[in-house]
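This is data_18.pdb. It holds PDB, C-alpha atoms, pLDDT in the B column.
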ATOM      1  CA  MET L   1     113.936 106.221 108.648  1.00 63.00           C
ATOM      2  CA  ASP L   2     110.697 107.135 110.422  1.00 76.00           C
ATOM      3  CA  LEU L   3     107.449 105.246 110.106  1.00 84.00           C
ATOM      4  CA  ARG L   4     105.722 108.032 108.177  1.00 84.00           C
ATOM      5  CA  THR L   5     108.371 107.923 105.446  1.00 85.00           C
ATOM      6  CA  LEU L   6     108.132 104.152 105.187  1.00 88.00           C
ATOM      7  CA  ARG L   7     104.365 104.318 104.825  1.00 89.00           C
ATOM      8  CA  ALA L   8     104.666 107.015 102.153  1.00 89.00           C
ATOM      9  CA  GLN L   9     107.106 104.849 100.236  1.00 91.00           C
ATOM     10  CA  ARG L  10     104.849 101.835 100.465  1.00 92.00           C
ATOM     11  CA  LEU L  11     101.762 103.656  99.213  1.00 93.00           C
ATOM     12  CA  THR L  12     103.628 105.496  96.467  1.00 93.00           C
ATOM     13  CA  TRP L  13     105.724 102.647  95.137  1.00 94.00           C
ATOM     14  CA  VAL L  14     102.985 100.023  95.164  1.00 95.00           C
ATOM     15  CA  ALA L  15     100.475 102.341  93.480  1.00 95.00           C
ATOM     16  CA  GLY L  16     103.063 103.511  90.955  1.00 95.00           C
ATOM     17  CA  GLY L  17     104.089  99.942  90.179  1.00 96.00           C
ATOM     18  CA  VAL L  18     100.488  98.916  89.585  1.00 97.00           C
ATOM     19  CA  LEU L  19     100.009 101.826  87.178  1.00 96.00           C
ATOM     20  CA  LEU L  20     103.171 100.863  85.291  1.00 96.00           C
ATOM     21  CA  LEU L  21     101.935  97.290  84.890  1.00 96.00           C
ATOM     22  CA  LEU L  22      98.541  98.548  83.751  1.00 96.00           C
ATOM     23  CA  SER L  23     100.216 100.730  81.125  1.00 94.00           C
ATOM     24  CA  VAL L  24     102.053  97.670  79.788  1.00 93.00           C
ATOM     25  CA  ALA L  25      98.861  95.600  79.734  1.00 93.00           C
ATOM     26  CA  VAL L  26      96.922  98.308  77.897  1.00 91.00           C
ATOM     27  CA  GLY L  27      99.754  98.825  75.417  1.00 87.00           C
ATOM     28  CA  LEU L  28      99.906  95.126  74.555  1.00 85.00           C
ATOM     29  CA  ALA L  29      96.120  94.826  74.355  1.00 86.00           C
ATOM     30  CA  ALA L  30      95.662  97.887  72.126  1.00 81.00           C
ATOM     31  CA  ARG L  31      95.625  95.943  68.872  1.00 80.00           C
ATOM     32  CA  GLY L  32      92.947  95.416  66.252  1.00 78.00           C
ATOM     33  CA  PRO L  33      89.497  96.242  67.636  1.00 82.00           C
ATOM     34  CA  LEU L  34      91.094  97.559  70.835  1.00 82.00           C
ATOM     35  CA  ALA L  35      93.454  99.961  69.073  1.00 79.00           C
ATOM     36  CA  GLY L  36      91.502 102.861  70.518  1.00 80.00           C
ATOM     37  CA  LEU L  37      92.952 102.013  73.928  1.00 81.00           C
ATOM     38  CA  SER L  38      96.448 102.976  72.799  1.00 81.00           C
ATOM     39  CA  PRO L  39      96.391 106.520  74.278  1.00 84.00           C
ATOM     40  CA  GLY L  40      95.498 104.993  77.632  1.00 87.00           C
ATOM     41  CA  LYS L  41      98.931 103.396  77.766  1.00 89.00           C
ATOM     42  CA  ASP L  42     100.656 106.784  77.691  1.00 89.00           C
ATOM     43  CA  TRP L  43      98.262 108.292  80.225  1.00 93.00           C
ATOM     44  CA  LEU L  44      98.767 105.419  82.661  1.00 94.00           C
ATOM     45  CA  PHE L  45     102.532 105.559  82.239  1.00 94.00           C
ATOM     46  CA  THR L  46     102.579 109.308  82.807  1.00 94.00           C
ATOM     47  CA  ALA L  47     100.360 108.984  85.877  1.00 95.00           C
ATOM     48  CA  ALA L  48     102.679 106.319  87.295  1.00 95.00           C
ATOM     49  CA  VAL L  49     105.801 108.413  86.765  1.00 95.00           C
ATOM     50  CA  VAL L  50     104.258 111.576  88.198  1.00 95.00           C
ATOM     51  CA  LEU L  51     103.089 109.637  91.245  1.00 96.00           C
ATOM     52  CA  LEU L  52     106.512 108.082  91.795  1.00 96.00           C
ATOM     53  CA  VAL L  53     108.452 111.347  91.550  1.00 95.00           C
ATOM     54  CA  ILE L  54     105.974 113.492  93.498  1.00 94.00           C
ATOM     55  CA  GLY L  55     105.085 110.811  96.006  1.00 92.00           C
ATOM     56  CA  ILE L  56     102.220 110.361  98.411  1.00 91.00           C
ATOM     57  CA  GLY L  57     104.079 112.400 100.966  1.00 84.00           C
ATOM     58  CA  ARG L  58     107.595 113.697 100.429  1.00 82.00           C
ATOM     59  CA  GLY L  59     109.148 110.473 101.675  1.00 87.00           C
ATOM     60  CA  GLY L  60     107.600 108.515  98.814  1.00 90.00           C
ATOM     61  CA  SER L  61     109.282 110.491  96.032  1.00 94.00           C
ATOM     62  CA  ILE L  62     111.983 108.492  94.255  1.00 95.00           C
ATOM     63  CA  THR L  63     113.762 111.752  93.380  1.00 94.00           C
ATOM     64  CA  ALA L  64     113.385 113.181  96.900  1.00 92.00           C
ATOM     65  CA  ARG L  65     111.460 115.943  95.071  1.00 92.00           C
ATOM     66  CA  ARG L  66     114.662 117.510  93.830  1.00 94.00           C
ATOM     67  CA  VAL L  67     113.679 119.997  91.164  1.00 94.00           C
ATOM     68  CA  VAL L  68     115.983 118.900  88.338  1.00 95.00           C
ATOM     69  CA  GLY L  69     115.336 115.175  88.626  1.00 94.00           C
ATOM     70  CA  THR L  70     111.617 115.566  89.230  1.00 95.00           C
ATOM     71  CA  LEU L  71     111.091 117.922  86.298  1.00 96.00           C
ATOM     72  CA  ALA L  72     113.222 115.858  83.906  1.00 95.00           C
ATOM     73  CA  THR L  73     111.400 112.642  84.795  1.00 95.00           C
ATOM     74  CA  ILE L  74     107.959 114.199  84.355  1.00 95.00           C
ATOM     75  CA  LEU L  75     108.930 115.700  80.988  1.00 95.00           C
ATOM     76  CA  LEU L  76     110.302 112.330  79.908  1.00 93.00           C
ATOM     77  CA  ALA L  77     106.982 110.680  80.751  1.00 93.00           C
ATOM     78  CA  ILE L  78     104.964 113.340  78.933  1.00 92.00           C
ATOM     79  CA  ALA L  79     107.139 113.317  75.797  1.00 89.00           C
ATOM     80  CA  PRO L  80     105.477 110.317  74.051  1.00 84.00           C
ATOM     81  CA  MET L  81     102.144 112.136  74.144  1.00 86.00           C
ATOM     82  CA  THR L  82     103.653 115.026  72.161  1.00 85.00           C
ATOM     83  CA  GLN L  83     104.687 112.984  69.127  1.00 79.00           C
ATOM     84  CA  SER L  84     101.741 114.189  67.062  1.00 75.00           C
ATOM     85  CA  TYR L  85     102.824 117.793  67.594  1.00 80.00           C
ATOM     86  CA  TRP L  86     106.299 117.031  66.305  1.00 75.00           C
ATOM     87  CA  PHE L  87     104.807 115.873  63.006  1.00 73.00           C
ATOM     88  CA  THR L  88     103.325 119.345  62.526  1.00 74.00           C
ATOM     89  CA  LEU L  89     106.890 120.636  62.176  1.00 69.00           C
ATOM     90  CA  LEU L  90     107.259 118.763  58.898  1.00 68.00           C
ATOM     91  CA  PRO L  91     106.555 120.673  55.681  1.00 68.00           C
ATOM     92  CA  ASP L  92     103.317 119.666  53.961  1.00 66.00           C
ATOM     93  CA  ASN L  93     104.660 119.403  50.441  1.00 63.00           C
ATOM     94  CA  THR L  94     108.147 120.472  49.502  1.00 59.00           C
ATOM     95  CA  GLY L  95     108.149 118.927  46.029  1.00 63.00           C
ATOM     96  CA  ASP L  96     111.640 117.675  46.765  1.00 64.00           C
ATOM     97  CA  PRO L  97     111.915 114.118  48.170  1.00 65.00           C
ATOM     98  CA  ASN L  98     115.361 114.838  49.541  1.00 69.00           C
ATOM     99  CA  ALA L  99     114.132 117.905  51.402  1.00 69.00           C
ATOM    100  CA  ALA L 100     111.260 115.918  52.905  1.00 69.00           C
ATOM    101  CA  GLU L 101     113.645 113.199  54.033  1.00 72.00           C
ATOM    102  CA  ASP L 102     115.991 115.760  55.548  1.00 73.00           C
ATOM    103  CA  ALA L 103     113.073 117.284  57.442  1.00 76.00           C
ATOM    104  CA  TRP L 104     112.126 113.872  58.833  1.00 78.00           C
ATOM    105  CA  VAL L 105     115.699 113.237  59.946  1.00 79.00           C
ATOM    106  CA  LEU L 106     115.949 116.658  61.578  1.00 83.00           C
ATOM    107  CA  VAL L 107     112.696 116.307  63.517  1.00 80.00           C
ATOM    108  CA  ALA L 108     113.453 112.726  64.581  1.00 81.00           C
ATOM    109  CA  THR L 109     116.949 113.687  65.707  1.00 85.00           C
ATOM    110  CA  ALA L 110     115.624 116.586  67.762  1.00 86.00           C
ATOM    111  CA  TYR L 111     112.871 114.482  69.341  1.00 87.00           C
ATOM    112  CA  PHE L 112     115.001 111.490  70.282  1.00 87.00           C
ATOM    113  CA  GLY L 113     117.885 113.729  71.296  1.00 91.00           C
ATOM    114  CA  ILE L 114     115.653 115.494  73.800  1.00 92.00           C
ATOM    115  CA  LEU L 115     114.404 112.124  75.069  1.00 91.00           C
ATOM    116  CA  LEU L 116     117.978 110.959  75.579  1.00 93.00           C
ATOM    117  CA  VAL L 117     118.973 114.062  77.529  1.00 95.00           C
ATOM    118  CA  LEU L 118     115.892 113.831  79.747  1.00 95.00           C
ATOM    119  CA  ALA L 119     116.436 110.109  80.312  1.00 94.00           C
ATOM    120  CA  VAL L 120     120.069 110.566  81.341  1.00 96.00           C
ATOM    121  CA  ILE L 121     119.200 113.376  83.750  1.00 96.00           C
ATOM    122  CA  SER L 122     116.323 111.347  85.165  1.00 96.00           C
ATOM    123  CA  VAL L 123     118.218 108.125  85.866  1.00 96.00           C
ATOM    124  CA  VAL L 124     121.213 109.966  87.305  1.00 96.00           C
ATOM    125  CA  GLU L 125     119.080 112.070  89.633  1.00 95.00           C
ATOM    126  CA  ILE L 126     117.072 109.046  90.799  1.00 96.00           C
ATOM    127  CA  ALA L 127     120.300 107.237  91.622  1.00 95.00           C
ATOM    128  CA  ARG L 128     121.776 110.293  93.346  1.00 94.00           C
ATOM    129  CA  ALA L 129     118.684 110.765  95.495  1.00 93.00           C
ATOM    130  CA  ARG L 130     119.408 107.382  97.140  1.00 92.00           C
ATOM    131  CA  VAL L 131     115.768 106.938  98.086  1.00 93.00           C
ATOM    132  CA  ILE L 132     115.591 103.553  96.375  1.00 93.00           C
ATOM    133  CA  PRO L 133     117.912 101.032  98.050  1.00 92.00           C
ATOM    134  CA  SER L 134     121.003  99.842  96.180  1.00 90.00           C
ATOM    135  CA  PRO L 135     121.475  98.290  93.714  1.00 93.00           C
ATOM    136  CA  TRP L 136     117.889  98.890  92.617  1.00 95.00           C
ATOM    137  CA  ARG L 137     118.311 102.654  92.423  1.00 94.00           C
ATOM    138  CA  TRP L 138     120.163 101.953  89.175  1.00 96.00           C
ATOM    139  CA  ALA L 139     117.231  99.989  87.709  1.00 95.00           C
ATOM    140  CA  PRO L 140     115.981 102.966  85.626  1.00 95.00           C
ATOM    141  CA  LEU L 141     119.439 103.127  84.031  1.00 95.00           C
ATOM    142  CA  TRP L 142     119.275  99.434  83.176  1.00 95.00           C
ATOM    143  CA  VAL L 143     115.913  99.940  81.498  1.00 94.00           C
ATOM    144  CA  MET L 144     117.171 103.047  79.693  1.00 93.00           C
ATOM    145  CA  VAL L 145     119.887 100.908  78.089  1.00 93.00           C
ATOM    146  CA  TRP L 146     117.646  97.880  77.566  1.00 92.00           C
ATOM    147  CA  THR L 147     114.886  99.743  75.703  1.00 89.00           C
ATOM    148  CA  PRO L 148     116.799 101.089  72.668  1.00 87.00           C
ATOM    149  CA  VAL L 149     118.950  97.961  72.441  1.00 89.00           C
ATOM    150  CA  THR L 150     115.972  95.613  72.229  1.00 88.00           C
ATOM    151  CA  TYR L 151     114.177  97.923  69.820  1.00 84.00           C
ATOM    152  CA  ALA L 152     117.237  98.107  67.556  1.00 86.00           C
ATOM    153  CA  ILE L 153     117.721  94.330  67.617  1.00 86.00           C
ATOM    154  CA  GLY L 154     114.080  93.716  66.778  1.00 84.00           C
ATOM    155  CA  LEU L 155     114.167  96.276  63.983  1.00 83.00           C
ATOM    156  CA  ALA L 156     117.305  94.674  62.555  1.00 83.00           C
ATOM    157  CA  PHE L 157     115.646  91.251  62.409  1.00 80.00           C
ATOM    158  CA  PHE L 158     112.483  92.737  60.927  1.00 78.00           C
ATOM    159  CA  SER L 159     114.387  94.604  58.214  1.00 79.00           C
ATOM    160  CA  ALA L 160     116.670  91.696  57.336  1.00 76.00           C
ATOM    161  CA  ALA L 161     113.920  89.275  56.312  1.00 72.00           C
ATOM    162  CA  PRO L 162     110.943  89.368  53.934  1.00 77.00           C
ATOM    163  CA  LEU L 163     107.567  90.212  55.406  1.00 75.00           C
ATOM    164  CA  GLY L 164     105.617  87.239  56.684  1.00 74.00           C
ATOM    165  CA  THR L 165     108.648  85.129  57.523  1.00 81.00           C
ATOM    166  CA  ALA L 166     109.374  83.831  61.002  1.00 80.00           C
ATOM    167  CA  VAL L 167     112.431  86.072  61.314  1.00 78.00           C
ATOM    168  CA  ALA L 168     110.468  89.201  60.437  1.00 80.00           C
ATOM    169  CA  SER L 169     107.702  88.239  62.847  1.00 81.00           C
ATOM    170  CA  PHE L 170     110.243  87.654  65.604  1.00 80.00           C
ATOM    171  CA  GLY L 171     111.783  91.058  64.961  1.00 81.00           C
ATOM    172  CA  ALA L 172     108.411  92.791  65.123  1.00 80.00           C
ATOM    173  CA  ILE L 173     107.457  91.053  68.373  1.00 81.00           C
ATOM    174  CA  PHE L 174     110.868  91.639  69.943  1.00 81.00           C
ATOM    175  CA  SER L 175     110.883  95.346  69.120  1.00 80.00           C
ATOM    176  CA  LEU L 176     107.384  95.648  70.583  1.00 80.00           C
ATOM    177  CA  CYS L 177     107.780  93.522  73.698  1.00 83.00           C
ATOM    178  CA  GLY L 178     111.357  94.479  74.577  1.00 84.00           C
ATOM    179  CA  PRO L 179     110.537  97.985  75.849  1.00 86.00           C
ATOM    180  CA  ALA L 180     107.349  96.667  77.474  1.00 90.00           C
ATOM    181  CA  VAL L 181     109.404  94.142  79.439  1.00 91.00           C
ATOM    182  CA  GLY L 182     111.550  96.987  80.773  1.00 93.00           C
ATOM    183  CA  VAL L 183     108.528  98.937  82.007  1.00 94.00           C
ATOM    184  CA  ALA L 184     107.005  95.779  83.487  1.00 95.00           C
ATOM    185  CA  PHE L 185     110.264  95.100  85.314  1.00 96.00           C
ATOM    186  CA  LEU L 186     110.157  98.568  86.878  1.00 96.00           C
ATOM    187  CA  GLY L 187     106.523  98.041  87.847  1.00 96.00           C
ATOM    188  CA  VAL L 188     107.182  94.721  89.556  1.00 96.00           C
ATOM    189  CA  LEU L 189     110.279  96.130  91.250  1.00 96.00           C
ATOM    190  CA  ALA L 190     108.335  99.116  92.589  1.00 95.00           C
ATOM    191  CA  ILE L 191     105.659  96.849  94.042  1.00 95.00           C
ATOM    192  CA  VAL L 192     108.183  94.481  95.628  1.00 95.00           C
ATOM    193  CA  LEU L 193     110.231  97.294  97.163  1.00 94.00           C
ATOM    194  CA  GLY L 194     107.068  98.995  98.348  1.00 92.00           C
ATOM    195  CA  MET L 195     105.813  95.851 100.050  1.00 91.00           C
ATOM    196  CA  ARG L 196     109.154  95.446 101.810  1.00 85.00           C
ATOM    197  CA  THR L 197     108.864  98.894 103.399  1.00 67.00           C
ATOM    198  CA  ALA L 198     106.542 100.208 106.121  1.00 49.00           C
ATOM    199  CA  PRO L 199     106.595  97.248 108.508  1.00 51.00           C
ATOM    200  CA  ALA L 200     103.867  97.175 111.120  1.00 48.00           C
ATOM    201  CA  ALA L 201     104.798  99.222 114.146  1.00 44.00           C
ATOM    202  CA  ALA L 202     105.966  97.244 117.132  1.00 41.00           C
ATOM    203  CA  PRO L 203     103.696  97.327 120.219  1.00 43.00           C
ATOM    204  CA  ASP L 204     106.058  99.661 122.087  1.00 45.00           C
ATOM    205  CA  GLU L 205     106.147 102.078 119.150  1.00 46.00           C
ATOM    206  CA  ARG L 206     102.369 102.070 118.740  1.00 48.00           C
ATOM    207  CA  TRP L 207     101.868 102.921 122.410  1.00 41.00           C
ATOM    208  CA  HIS L 208     104.579 105.564 122.280  1.00 48.00           C
ATOM    209  CA  HIS L 209     102.767 107.385 119.470  1.00 50.00           C
ATOM    210  CA  TRP L 210      99.420 106.949 121.237  1.00 46.00           C
ATOM    211  CA  PHE L 211     100.675 108.633 124.392  1.00 45.00           C
ATOM    212  CA  ASP L 212     102.199 111.457 122.357  1.00 49.00           C
ATOM    213  CA  ASP L 213      98.864 112.130 120.677  1.00 52.00           C
ATOM    214  CA  ALA L 214      96.328 111.353 123.403  1.00 53.00           C
ATOM    215  CA  GLY L 215      98.187 111.981 126.651  1.00 53.00           C
ATOM    216  CA  ALA L 216      98.737 109.668 129.553  1.00 50.00           C
ATOM    217  CA  GLY L 217      95.335 110.353 131.117  1.00 54.00           C
ATOM    218  CA  ALA L 218      93.303 109.352 128.057  1.00 53.00           C
ATOM    219  CA  PRO L 219      91.263 106.114 128.074  1.00 56.00           C
ATOM    220  CA  LEU L 220      93.291 103.145 126.985  1.00 51.00           C
ATOM    221  CA  PRO L 221      92.404 101.580 123.619  1.00 51.00           C
ATOM    222  CA  SER L 222      91.773  97.880 123.314  1.00 52.00           C
ATOM    223  CA  ILE L 223      94.897  95.785 123.003  1.00 48.00           C
ATOM    224  CA  ASP L 224      95.819  92.248 122.201  1.00 50.00           C
ATOM    225  CA  SER L 225      96.908  89.972 125.007  1.00 47.00           C
ATOM    226  CA  SER L 226     100.395  89.851 123.522  1.00 49.00           C
ATOM    227  CA  ASP L 227     100.681  93.621 123.936  1.00 50.00           C
ATOM    228  CA  THR L 228      99.401  93.848 127.531  1.00 50.00           C
ATOM    229  CA  GLU L 229     102.724  93.731 129.334  1.00 56.00           C
ATOM    230  CA  SER L 230     104.387  96.203 126.981  1.00 56.00           C
ATOM    231  CA  ALA L 231     101.394  98.544 127.135  1.00 51.00           C
ATOM    232  CA  ALA L 232     101.410  98.543 130.926  1.00 54.00           C
ATOM    233  CA  ARG L 233     105.072  99.490 131.029  1.00 61.00           C
ATOM    234  CA  ASP L 234     104.532 102.367 128.617  1.00 58.00           C
ATOM    235  CA  ALA L 235     101.484 103.592 130.534  1.00 54.00           C
ATOM    236  CA  GLU L 236     103.459 103.678 133.775  1.00 56.00           C
ATOM    237  CA  ARG L 237     106.295 105.498 132.048  1.00 59.00           C
ATOM    238  CA  GLY L 238     103.879 108.094 130.684  1.00 51.00           C
ATOM    239  CA  ARG L 239     102.345 108.745 134.118  1.00 53.00           C
ATOM    240  CA  ARG L 240     105.773 109.196 135.686  1.00 55.00           C
ATOM    241  CA  GLN L 241     106.735 111.737 133.053  1.00 52.00           C
ATOM    242  CA  ASP L 242     103.609 113.757 133.863  1.00 47.00           C
TER     243      ASP L 242
END
Please re-express this file's structure in structure tokens.
Amino acid sequence: MDLRTLRAQRLTWVAGGVLLLLSVAVGLAARGPLAGLSPGKDWLFTAAVVLLVIGIGRGGSITARRVVGTLATILLAIAPMTQSYWFTLLPDNTGDPNAAEDAWVLVATAYFGILLVLAVISVVEIARARVIPSPWRWAPLWVMVWTPVTYAIGLAFFSAAPLGTAVASFGAIFSLCGPAVGVAFLGVLAIVLGMRTAPAAAPDERWHHWFDDAGAGAPLPSIDSSDTESAARDAERGRRQD
């Protein structure tokens, strides 16, 4: 893997991870007087996902910019911001409670069904791209499973106990924080993997690129004492090639 790709991965993954963590922080803080911040969570999450799949440079894309995986992942990130439009599909007043309930079920099934299809395509394509090292390329799949499971468990606890009890409170917190933990995990993982890439170029490699760009006859840049011997060898090699 060349140095340019490693640098693209570092910039993309670290920046994307930071945005994911910010989306979690905003989502948890958007309560009470700060409820107006709630849309910011979705915008930050979408920005993080778009950055990670497009990349700062092609090498930074976690889907290798393959069309299917990239498009599915972006649509998956945008989907939460379209929830209000799905509600417009419900009839205003049917006069029949059963018909209204059926409409809710139909719209919810369509919405979450689309999310599931997009999520499956996304995690499979990210894993197939093999840009993220194993086993971490399967991390989106882990979070895809974790999110509905934790939400369902929390909802079960919340529904099984009277409001105001410790069990109901636990269920509400678990259903809220469970998905957030998954996103935070992906954010931390992206930052850690990004920091592990793009090591500093070795002295020989830095001089090699300098001679390619500037030519052997160009003035020599300043160097550290530790690089002097290596730089001299590369300079002599460049003059011989000319």
Legend entry - Selection result for the PyMOL selection byres ((chain L and resi 108-124) around 7) on this file, as an MDAnalysis selection string: chainID L and resid 69 72:73 76 104:107 125:128 140:141
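Computed from the coordinates, the CA of Val24 (chain L) to CA of Ala161 (chain L) distance equals 27.6 Å.
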Legend entry - Minimum-distance residue to Ser134 (chain L), chosen among L:Leu193, L:Thr165, L:Thr12, L:Val181 (using only C-alpha atoms): L:Leu193
Inset, instruction - Please write as a PyMOL selection string the full residue list that the PyMOL selection byres ((chain L and resi 53) around 6) yields on this file. - result: chain L and resi 50-52+54-55+61-63+70
Next, dump the selected residues to file, keeping only C-alpha atoms, as an mmCIF file, in the coordinates of the input.
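Final file, part.cif:
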data_model
loop_
_atom_site.group_PDB
_atom_site.id
_atom_site.type_symbol
_atom_site.label_atom_id
_atom_site.label_comp_id
_atom_site.auth_asym_id
_atom_site.auth_seq_id
_atom_site.Cartn_x
_atom_site.Cartn_y
_atom_site.Cartn_z
ATOM 1 C CA VAL L 50 104.258 111.576 88.198
ATOM 2 C CA LEU L 51 103.089 109.637 91.245
ATOM 3 C CA LEU L 52 106.512 108.082 91.795
ATOM 4 C CA ILE L 54 105.974 113.492 93.498
ATOM 5 C CA GLY L 55 105.085 110.811 96.006
ATOM 6 C CA SER L 61 109.282 110.491 96.032
ATOM 7 C CA ILE L 62 111.983 108.492 94.255
ATOM 8 C CA THR L 63 113.762 111.752 93.380
ATOM 9 C CA THR L 70 111.617 115.566 89.230
#
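Proximity to Val68 (chain L) was assessed for L:Val18, L:Phe87, L:Ile153, L:Ala129 counting all atoms listed in the file; the smallest distance is recorded for L:Ala129.
Rounded to one decimal, CA of Pro179 (chain L) and CA of Trp142 (chain L) lie 11.5 Å from each other.
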Inset, instruction - Could you list the residues chosen by the PyMOL selection byres ((chain L and resi 27) around 12) in this structure as a PyMOL selection string? - result: chain L and resi 20-26+28-32+34-45+176-177+179-181+183-184
